[in-house]
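Visitor: This structure is in structure tokens; I'll ask about it shortly.
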Amino acid sequence: MKNKQILFVGLLLTAACTKKTVEPDKPEPRLEGRWQESSHLITRYDAAGNIVSQDVDILQGYYMVLTKDSLHYRTTSDHSSLGSDHYVRQGNVLQFGRGRISPVITTLTEHALSLRFRQPAATPGGGYIDSEDRYTH
């Protein structure tokens with residue numbers, strides 16, 4: 001019994017004294033680059049915040065190019081411009097279109113980006129719509 005206790009204490013000391021490898025924090029994935037739209041999710045809510053409906057559109061007709069301070073939408077067929085704007089990033093919020101549009105970054109990885117837009121209720125106390133654009137890199 002005494003040998004088992006010594007072995008147990010030895011194992012605890014070994015585990016406690018083992019040098020733990022600390023991985024440095026990985027930098028946040030880059031927002032800049034070309035992002036191909038993969039889908040568009042629309043969620044409709046009632047005034048109480050309950051989901052009324054959800055629709056997913058699979059879209060691949062355009063892509064978005066983000067630089068450090070601007071975004072450009074282009075068609076995949078002939079790369080013609082669908083519009084561009086300057087943006088400001090504050091945390092996970094992008095503000096562009098003179099502050100009228102402020103999507104929230106809900107996903108940002110090396111290969112995926114999701115931007116969620118909330119459209120306010122058309123009438124006070126009415127329902128609202130969230131739309132989420134999903135992209136791949």
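In the structure tokens, the first chain shown is A, the next is B, and so on; residue numbers restart at 1 for each chain, and ligands run from 1 in the order shown.
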Can you tell me, as a ChimeraX atom specification, what residues are no more than 9 Å from segment 68-70 of chain A when counting only C-alpha atoms, ignoring any on the same chain fewer than 3 positions away?

Guide: /A:31-32,65,84-89,96

Visitor: I'd like to know which of A:Thr43, A:Thr109, A:Gln119, A:Ser77 is closest to Pro27 of chain A, using only C-alpha atoms.

Guide: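 For Pro27 of chain A, the nearest of the candidates is A:Thr109.
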
Visitor: Identify all residues of chain A in strand (DSSP E) (DSSP on the backbone) and supply them as a PyMOL selection string.

Guide: chain A and resi 33-45+51-57+62-66+70-75+81-90+93-96+104-108+112-119+128-136

Visitor: If you count only C-alpha atoms, which residues fall within 12 Å of Ile58 of chain A, apart from same-chain ones fewer than 6 positions away, as a list in words?

Guide: Gln36, Glu37, Ser38, Ser39, His40, Leu41, Ile42, Glu132, Asp133, Arg134 and Tyr135 of chain A

Visitor: Export all heavy atoms of the chosen residues as a short mmCIF file (atom, residue, chain, number, x, y, z; two decimals), in the first residue's frame?

Guide:
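The file below, part-v8.cif, is the result:
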```cif
data_model
loop_
_atom_site.label_atom_id
_atom_site.label_comp_id
_atom_site.auth_asym_id
_atom_site.auth_seq_id
_atom_site.Cartn_x
_atom_site.Cartn_y
_atom_site.Cartn_z
N GLN A 36 -15.78 35.59 -51.64
CA GLN A 36 -16.83 35.11 -52.54
C GLN A 36 -18.10 34.83 -51.74
O GLN A 36 -18.05 34.07 -50.77
CB GLN A 36 -16.37 33.83 -53.24
CG GLN A 36 -17.40 33.20 -54.15
CD GLN A 36 -17.67 34.02 -55.39
OE1 GLN A 36 -16.74 34.51 -56.04
NE2 GLN A 36 -18.94 34.21 -55.72
N GLU A 37 -19.21 35.43 -52.14
CA GLU A 37 -20.46 35.16 -51.41
C GLU A 37 -20.87 33.72 -51.65
O GLU A 37 -20.84 33.22 -52.77
CB GLU A 37 -21.59 36.08 -51.84
CG GLU A 37 -22.91 35.61 -51.27
CD GLU A 37 -23.79 36.67 -50.68
OE1 GLU A 37 -24.18 37.57 -51.42
OE2 GLU A 37 -24.10 36.58 -49.50
N SER A 38 -21.23 33.03 -50.57
CA SER A 38 -21.66 31.64 -50.69
C SER A 38 -23.16 31.49 -50.39
O SER A 38 -23.83 30.67 -50.99
CB SER A 38 -20.85 30.73 -49.77
OG SER A 38 -20.95 31.15 -48.43
N SER A 39 -23.68 32.29 -49.45
CA SER A 39 -25.11 32.21 -49.16
C SER A 39 -25.58 33.48 -48.46
O SER A 39 -24.78 34.27 -47.96
CB SER A 39 -25.43 30.99 -48.30
OG SER A 39 -24.85 31.12 -47.02
N HIS A 40 -26.89 33.61 -48.43
CA HIS A 40 -27.53 34.77 -47.82
C HIS A 40 -28.70 34.23 -46.99
O HIS A 40 -29.60 33.59 -47.54
CB HIS A 40 -28.03 35.70 -48.93
CG HIS A 40 -28.69 36.94 -48.45
ND1 HIS A 40 -28.00 38.00 -47.93
CD2 HIS A 40 -30.00 37.27 -48.43
CE1 HIS A 40 -28.86 38.95 -47.61
NE2 HIS A 40 -30.07 38.53 -47.89
N LEU A 41 -28.65 34.44 -45.68
CA LEU A 41 -29.69 33.96 -44.77
C LEU A 41 -30.55 35.14 -44.34
O LEU A 41 -30.03 36.14 -43.85
CB LEU A 41 -29.06 33.29 -43.54
CG LEU A 41 -30.00 32.92 -42.40
CD1 LEU A 41 -30.93 31.79 -42.83
CD2 LEU A 41 -29.20 32.51 -41.16
N ILE A 42 -31.85 35.00 -44.52
CA ILE A 42 -32.79 36.04 -44.08
C ILE A 42 -33.67 35.45 -42.98
O ILE A 42 -34.31 34.42 -43.17
CB ILE A 42 -33.68 36.52 -45.24
CG1 ILE A 42 -32.81 37.12 -46.34
CG2 ILE A 42 -34.71 37.52 -44.75
CD1 ILE A 42 -33.57 37.45 -47.60
N GLU A 132 -27.94 37.76 -43.08
CA GLU A 132 -26.53 37.43 -42.88
C GLU A 132 -25.93 36.99 -44.21
O GLU A 132 -26.40 36.03 -44.82
CB GLU A 132 -26.39 36.32 -41.85
CG GLU A 132 -24.94 36.01 -41.50
CD GLU A 132 -24.83 35.12 -40.28
OE1 GLU A 132 -24.99 35.63 -39.16
OE2 GLU A 132 -24.58 33.93 -40.47
N ASP A 133 -24.91 37.73 -44.66
CA ASP A 133 -24.19 37.39 -45.86
C ASP A 133 -22.99 36.54 -45.45
O ASP A 133 -22.20 36.94 -44.60
CB ASP A 133 -23.70 38.64 -46.59
CG ASP A 133 -24.84 39.47 -47.14
OD1 ASP A 133 -25.95 38.94 -47.30
OD2 ASP A 133 -24.61 40.66 -47.43
N ARG A 134 -22.87 35.37 -46.09
CA ARG A 134 -21.78 34.46 -45.77
C ARG A 134 -20.83 34.37 -46.97
O ARG A 134 -21.28 34.21 -48.11
CB ARG A 134 -22.33 33.07 -45.42
CG ARG A 134 -23.19 33.12 -44.16
CD ARG A 134 -23.83 31.80 -43.90
NE ARG A 134 -24.65 31.88 -42.69
CZ ARG A 134 -25.58 31.00 -42.39
NH1 ARG A 134 -25.79 29.96 -43.17
NH2 ARG A 134 -26.27 31.13 -41.28
N TYR A 135 -19.55 34.46 -46.68
CA TYR A 135 -18.52 34.47 -47.71
C TYR A 135 -17.45 33.42 -47.43
O TYR A 135 -17.25 33.04 -46.28
CB TYR A 135 -17.81 35.84 -47.76
CG TYR A 135 -18.71 37.00 -48.05
CD1 TYR A 135 -19.40 37.66 -47.03
CD2 TYR A 135 -18.88 37.46 -49.35
CE1 TYR A 135 -20.22 38.75 -47.31
CE2 TYR A 135 -19.71 38.54 -49.63
CZ TYR A 135 -20.37 39.18 -48.61
OH TYR A 135 -21.18 40.24 -48.88
#
```

Visitor: Of the candidates A:Pro29, A:Pro103, A:Pro120, A:Gly83, which shows the shortest atom-to-atom distance to Met64 of chain A, using only C-alpha atoms?

Guide: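 Result for the nearest residue to Met64 of chain A: A:Gly83.
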
Visitor: Near Arg30 of chain A, within 12 Å and counting only C-alpha atoms, which residues show up once chain neighbours fewer than 5 positions away are dropped, as an MDAnalysis selection string?

Guide: chainID A and resid 35 66:68 107:113 137

Visitor: Name the closest residue to Ser53 of chain A among the candidates A:Thr75, A:Ser131, A:Gln90, A:Gln95; distances are taken between atoms, counting only C-alpha atoms.

Guide: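 Closest residue, counting only C-alpha atoms: A:Ser131.
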